[in-house]
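Structure file start.pdb (PDB, C-alpha atoms) follows.
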ATOM      1  CA  MET O  14      -2.382  66.614  57.741
ATOM      2  CA  SER O  15      -0.979  70.148  57.819
ATOM      3  CA  MET O  16      -1.063  72.326  60.899
ATOM      4  CA  LYS O  17      -2.765  75.688  60.688
ATOM      5  CA  LEU O  18      -0.243  78.513  60.581
ATOM      6  CA  ASN O  19      -0.454  81.311  63.114
ATOM      7  CA  GLN O  20      -0.688  84.868  61.767
ATOM      8  CA  ASP O  21       3.081  85.473  61.915
ATOM      9  CA  GLU O  22       3.892  82.217  60.128
ATOM     10  CA  LYS O  23       1.246  82.860  57.486
ATOM     11  CA  HIS O  24       2.595  86.360  56.846
ATOM     12  CA  LYS O  25       6.131  84.967  56.428
ATOM     13  CA  GLU O  26       4.826  82.342  53.986
ATOM     14  CA  LEU O  27       2.852  84.996  52.104
ATOM     15  CA  LEU O  28       6.003  87.121  51.767
ATOM     16  CA  LYS O  29       8.000  84.100  50.644
ATOM     17  CA  TYR O  30       5.545  82.899  48.004
ATOM     18  CA  ARG O  31       4.862  86.407  46.709
ATOM     19  CA  ALA O  32       8.627  86.812  46.213
ATOM     20  CA  LEU O  33       8.928  83.362  44.594
ATOM     21  CA  VAL O  34       6.019  83.918  42.202
ATOM     22  CA  LEU O  35       7.197  87.413  41.221
ATOM     23  CA  ALA O  36      10.762  86.177  40.674
ATOM     24  CA  THR O  37       9.475  83.267  38.589
ATOM     25  CA  ILE O  38       7.445  85.657  36.454
ATOM     26  CA  ASP O  39      10.562  87.834  36.080
ATOM     27  CA  TYR O  40      12.442  84.722  34.959
ATOM     28  CA  TYR O  41       9.902  84.238  32.175
ATOM     29  CA  LEU O  42      10.121  87.925  31.237
ATOM     30  CA  ASP O  43      13.946  87.895  31.247
ATOM     31  CA  ASN O  44      14.165  84.687  29.210
ATOM     32  CA  LYS O  45      13.390  85.694  25.624
ATOM     33  CA  GLN O  46      13.282  82.017  24.556
ATOM     34  CA  LEU O  47      10.054  81.707  26.532
ATOM     35  CA  GLU O  48       8.475  84.738  24.862
ATOM     36  CA  VAL O  49       5.313  84.151  22.827
ATOM     37  CA  LYS O  50       3.714  86.746  20.558
ATOM     38  CA  THR O  51       0.736  86.094  18.345
ATOM     39  CA  VAL O  52      -2.016  88.281  16.936
ATOM     40  CA  ASP O  53      -4.085  87.899  20.097
ATOM     41  CA  PHE O  54      -1.493  87.015  22.762
ATOM     42  CA  ASP O  55       1.649  88.664  24.100
ATOM     43  CA  SER O  56       3.422  86.749  26.877
ATOM     44  CA  GLU O  57       5.065  89.913  28.237
ATOM     45  CA  THR O  58       1.695  91.620  28.728
ATOM     46  CA  HIS O  59       0.303  88.397  30.184
ATOM     47  CA  PHE O  60       3.119  88.055  32.736
ATOM     48  CA  LEU O  61       2.900  91.719  33.735
ATOM     49  CA  GLU O  62      -0.821  91.148  34.405
ATOM     50  CA  LEU O  63       0.053  88.052  36.463
ATOM     51  CA  LYS O  64       2.351  90.202  38.604
ATOM     52  CA  LEU O  65      -0.572  92.516  39.430
ATOM     53  CA  ILE O  66      -2.795  89.553  40.285
ATOM     54  CA  THR O  67       0.007  88.117  42.449
ATOM     55  CA  GLU O  68       0.091  91.346  44.460
ATOM     56  CA  LYS O  69      -3.690  91.152  44.843
ATOM     57  CA  PHE O  70      -3.458  87.558  46.132
ATOM     58  CA  PHE O  71      -0.814  88.727  48.609
ATOM     59  CA  GLU O  72      -2.968  91.623  49.830
ATOM     60  CA  LEU O  73      -5.932  89.273  50.259
ATOM     61  CA  GLY O  74      -3.798  86.735  52.168
ATOM     62  CA  GLN O  75      -4.394  83.978  49.611
ATOM     63  CA  LEU O  76      -1.413  81.786  50.430
ATOM     64  CA  THR O  77      -2.880  78.665  48.806
ATOM     65  CA  ARG O  78      -3.268  80.522  45.506
ATOM     66  CA  LEU O  79       0.330  81.824  45.640
ATOM     67  CA  LYS O  80       1.665  78.334  46.363
ATOM     68  CA  SER O  81      -0.413  76.887  43.544
ATOM     69  CA  TRP O  82       0.801  79.543  41.113
ATOM     70  CA  PHE O  83       4.428  78.903  42.062
ATOM     71  CA  ARG O  84       3.930  75.181  41.469
ATOM     72  CA  ASP O  85       2.234  75.856  38.112
ATOM     73  CA  LEU O  86       4.799  78.429  36.975
ATOM     74  CA  THR O  87       7.716  76.111  37.738
ATOM     75  CA  GLU O  88       6.410  73.326  35.478
ATOM     76  CA  VAL O  89       8.246  74.679  32.406
ATOM     77  CA  PRO O  90      11.686  74.910  34.083
ATOM     78  CA  ILE O  91      11.166  71.459  35.620
ATOM     79  CA  GLU O  92      10.074  69.812  32.366
ATOM     80  CA  GLY O  93      12.828  71.576  30.430
ATOM     81  CA  ARG O  94      15.445  70.682  33.054
ATOM     82  CA  ASP O  95      16.352  74.388  33.247
ATOM     83  CA  PHE O  96      18.836  74.068  36.093
ATOM     84  CA  LYS O  97      19.675  77.794  35.972
ATOM     85  CA  PHE O  98      16.230  78.498  37.414
ATOM     86  CA  ASN O  99      17.148  77.543  41.005
ATOM     87  CA  GLN O 100      20.146  79.888  40.994
ATOM     88  CA  TYR O 101      18.060  82.716  39.510
ATOM     89  CA  ILE O 102      15.435  82.345  42.246
ATOM     90  CA  LYS O 103      18.125  82.233  44.954
ATOM     91  CA  GLU O 104      19.763  85.411  43.630
ATOM     92  CA  LYS O 105      16.442  87.266  43.270
ATOM     93  CA  THR O 106      14.772  86.205  46.524
ATOM     94  CA  ASN O 107      17.425  84.733  48.856
ATOM     95  CA  TYR O 108      15.172  81.680  49.149
ATOM     96  CA  ASP O 109      16.896  78.380  48.487
ATOM     97  CA  VAL O 110      14.179  76.460  46.656
ATOM     98  CA  ASP O 111      15.128  73.292  44.822
ATOM     99  CA  ILE O 112      12.454  72.508  42.254
ATOM    100  CA  PHE O 113      14.672  69.695  40.960
ATOM    101  CA  GLN O 114      15.008  67.807  44.247
ATOM    102  CA  SER O 115      13.051  64.794  42.990
ATOM    103  CA  PHE O 116      15.145  64.727  39.779
ATOM    104  CA  PHE O 117      18.405  64.717  41.765
ATOM    105  CA  GLU O 118      17.008  62.018  44.073
ATOM    106  CA  LYS O 119      16.145  59.937  40.996
ATOM    107  CA  ILE O 120      19.752  60.249  39.746
ATOM    108  CA  ASP O 121      21.108  59.295  43.183
ATOM    109  CA  LYS O 122      18.885  56.191  43.158
ATOM    110  CA  ILE O 123      20.226  55.181  39.718
ATOM    111  CA  VAL O 124      23.805  55.655  40.948
ATOM    112  CA  LYS O 125      23.090  53.531  44.041
ATOM    113  CA  GLN O 126      21.685  50.686  41.918
ATOM    114  CA  GLY O 127      24.890  50.906  39.869
ATOM    115  CA  LYS O 128      23.359  50.755  36.415
ATOM    116  CA  ILE O 129      20.844  52.306  34.084
ATOM    117  CA  LYS O 130      17.858  50.047  33.462
ATOM    118  CA  THR O 131      15.530  52.075  31.216
ATOM    119  CA  ASN O 132      15.612  54.560  28.361
ATOM    120  CA  GLN O 133      14.121  57.214  30.665
ATOM    121  CA  GLN O 134      16.919  56.671  33.182
ATOM    122  CA  PHE O 135      19.426  56.958  30.324
ATOM    123  CA  TYR O 136      17.875  60.281  29.285
ATOM    124  CA  ASP O 137      17.872  61.564  32.888
ATOM    125  CA  VAL O 138      21.513  60.580  33.470
ATOM    126  CA  ARG O 139      22.521  62.168  30.134
ATOM    127  CA  THR O 140      20.757  65.381  31.205
ATOM    128  CA  MET O 141      22.597  65.289  34.532
ATOM    129  CA  VAL O 142      25.968  64.812  32.798
ATOM    130  CA  ASP O 143      25.239  67.783  30.526
ATOM    131  CA  TYR O 144      24.372  69.882  33.571
ATOM    132  CA  LEU O 145      27.478  68.832  35.519
ATOM    133  CA  GLU O 146      29.765  69.387  32.516
ATOM    134  CA  GLY O 147      28.375  72.897  32.144
ATOM    135  CA  ASP O 148      29.030  73.568  35.822
ATOM    136  CA  CYS O 149      32.842  73.487  35.237
ATOM    137  CA  SER O 150      33.542  72.421  38.812
ATOM    138  CA  LYS O 151      36.504  70.098  39.402
ATOM    139  CA  SER O 152      34.572  68.437  42.236
ATOM    140  CA  ASN O 153      32.152  66.953  39.701
ATOM    141  CA  GLU O 154      34.757  65.174  37.551
ATOM    142  CA  LEU O 155      34.547  61.821  39.355
ATOM    143  CA  ARG O 156      30.748  61.919  39.384
ATOM    144  CA  ILE O 157      30.686  62.779  35.659
ATOM    145  CA  GLN O 158      33.090  59.924  34.910
ATOM    146  CA  ASN O 159      30.933  57.472  36.883
ATOM    147  CA  LEU O 160      27.746  58.608  35.128
ATOM    148  CA  ILE O 161      29.373  58.411  31.680
ATOM    149  CA  GLU O 162      30.503  54.837  32.411
ATOM    150  CA  MET O 163      26.910  53.954  33.303
ATOM    151  CA  LEU O 164      25.693  55.580  30.071
ATOM    152  CA  ASP O 165      28.280  53.640  28.048
ATOM    153  CA  ASP O 166      27.338  50.344  29.731
ATOM    154  CA  PHE O 167      23.650  50.891  28.978
ATOM    155  CA  ASP O 168      24.427  51.926  25.395
ATOM    156  CA  GLN O 169      26.568  48.795  24.862
ATOM    157  CA  LYS O 170      23.797  46.639  26.308
ATOM    158  CA  LEU O 171      21.313  48.158  23.848
ATOM    159  CA  ASN O 172      23.681  47.738  20.898
ATOM    160  CA  SER O 173      24.407  44.100  21.764
ATOM    161  CA  LYS O 174      20.660  43.348  21.523
ATOM    162  CA  LYS O 175      20.505  44.622  17.915
TER     163      LYS O 175
END
If you convert what's in this file into structure tokens, what do you get?
Amino acid sequence: MSMKLNQDEKHKELLKYRALVLATIDYYLDNKQLEVKTVDFDSETHFLELKLITEKFFELGQLTRLKSWFRDLTEVPIEGRDFKFNQYIKEKTNYDVDIFQSFFEKIDKIVKQGKIKTNQQFYDVRTMVDYLEGDCSKSNELRIQNLIEMLDDFDQKLNSKK
């Protein structure tokens, strides 16, 4: 059960979610790979219209709508494991929002159990390794090595069943 926000808290949340939604829309506009143009649809025009509607929601104090839009708009980066999204949002808004928290928690759970048990876990760990390798941070080397060993163990287990 959520507590009702006072006016100050609601205004802060409205500012936050307006900024998050607008930055997410900008992310779509800046990312040409996400651009769609057909005879009757242009994603750039669509997203520019969404920005105007976002401002209207803000003016009307429709916090629930802004939160819902942010959740909906982040589905593509989440599904595509677009880890650059979090950093983009942080740079644009100064809000530290981690849309991948549940993904990272899932990886931590796999590491704690010490082995990969399913194909989906294998895919998730492989995605995490790709992300960490692209990060180029020395601090990730041990974690990458551990994850790769788990991937190899799972792969060997699959191959021994063939």
### Message
Need to verify the contact set: Lys125 in chain O, 12 Å, all atoms listed in the file, exclusion of same-chain residues closer than 4 positions in sequence. Can you return it as a list in words?
### Response
Glu118, Lys119, Ile120, Asp121, Ile129, Asn159, Leu160 and Met163 of chain O
Output as AutoDock Vina command-line options the centre and edge lengths (Å, one decimal) of the box along x, y and z of the file that holds every listed atom of range 151-162 of chain O after adding 8 Å on each side.
--center_x 32.1 --center_y 62.5 --center_z 37.0 --size_x 24.8 --size_y 31.3 --size_z 26.6
#### Entry: Selection under test: the PyMOL selection byres ((chain O and resi 30-39) around 8); residues as a PyMOL selection string
chain O and resi 26-29+40-43+60+63-64+67-68+71+76+79-80+82-83+86-87+102+105-106+108
### Task
Find the distance between CA of Lys128 in chain O and CA of Ser115 in chain O and write it in Å to one decimal.
18.6 Å
### Within 7 Å of Leu145 in chain O using only C-alpha atoms, minus same-chain residues under 4 positions, as a list in words
Met141, Asn153 and Ile157 of chain O
### Minimum-distance residue to Arg84 in chain O, chosen among O:Glu154, O:Glu57, O:Asp111, O:Glu62 (using all atoms listed in the file)
O:Asp111
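Each of O:Ser56, O:Glu146, O:Val124, O:Gly74 was compared to Asp21 in chain O using only C-alpha atoms, and O:Gly74 turns out to be the nearest.
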#### Entry: Point-to-point distance in Å for CA of Glu92 in chain O and CA of Asn172 in chain O
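Computing the Euclidean distance for CA of Asn172 in chain O and CA of Glu92 in chain O yields 28.4 Å.
For the residues O:Thr77, O:Phe117, O:Ile112, O:Leu164, ranking by smallest atom-to-atom distance to Lys97 in chain O using all atoms listed in the file places O:Ile112 first.
The space separating CA of Ser173 in chain O from CA of Gln158 in chain O comes to 22.3 Å.
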### Message
With the PyMOL selection byres ((chain O and resi 167) around 12) as the selection, what would be picked from this file? Answer as a ChimeraX atom specification, please.
### Response
/O:127-136,138-139,160-166,168-174
### Task
Would you please work out which residue, of O:Lys23, O:Asp143, O:Lys17, O:Leu47, is nearest to Val89 in chain O when using all atoms listed in the file?
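Counting all atoms listed in the file, the residue closest to Val89 in chain O is O:Leu47.
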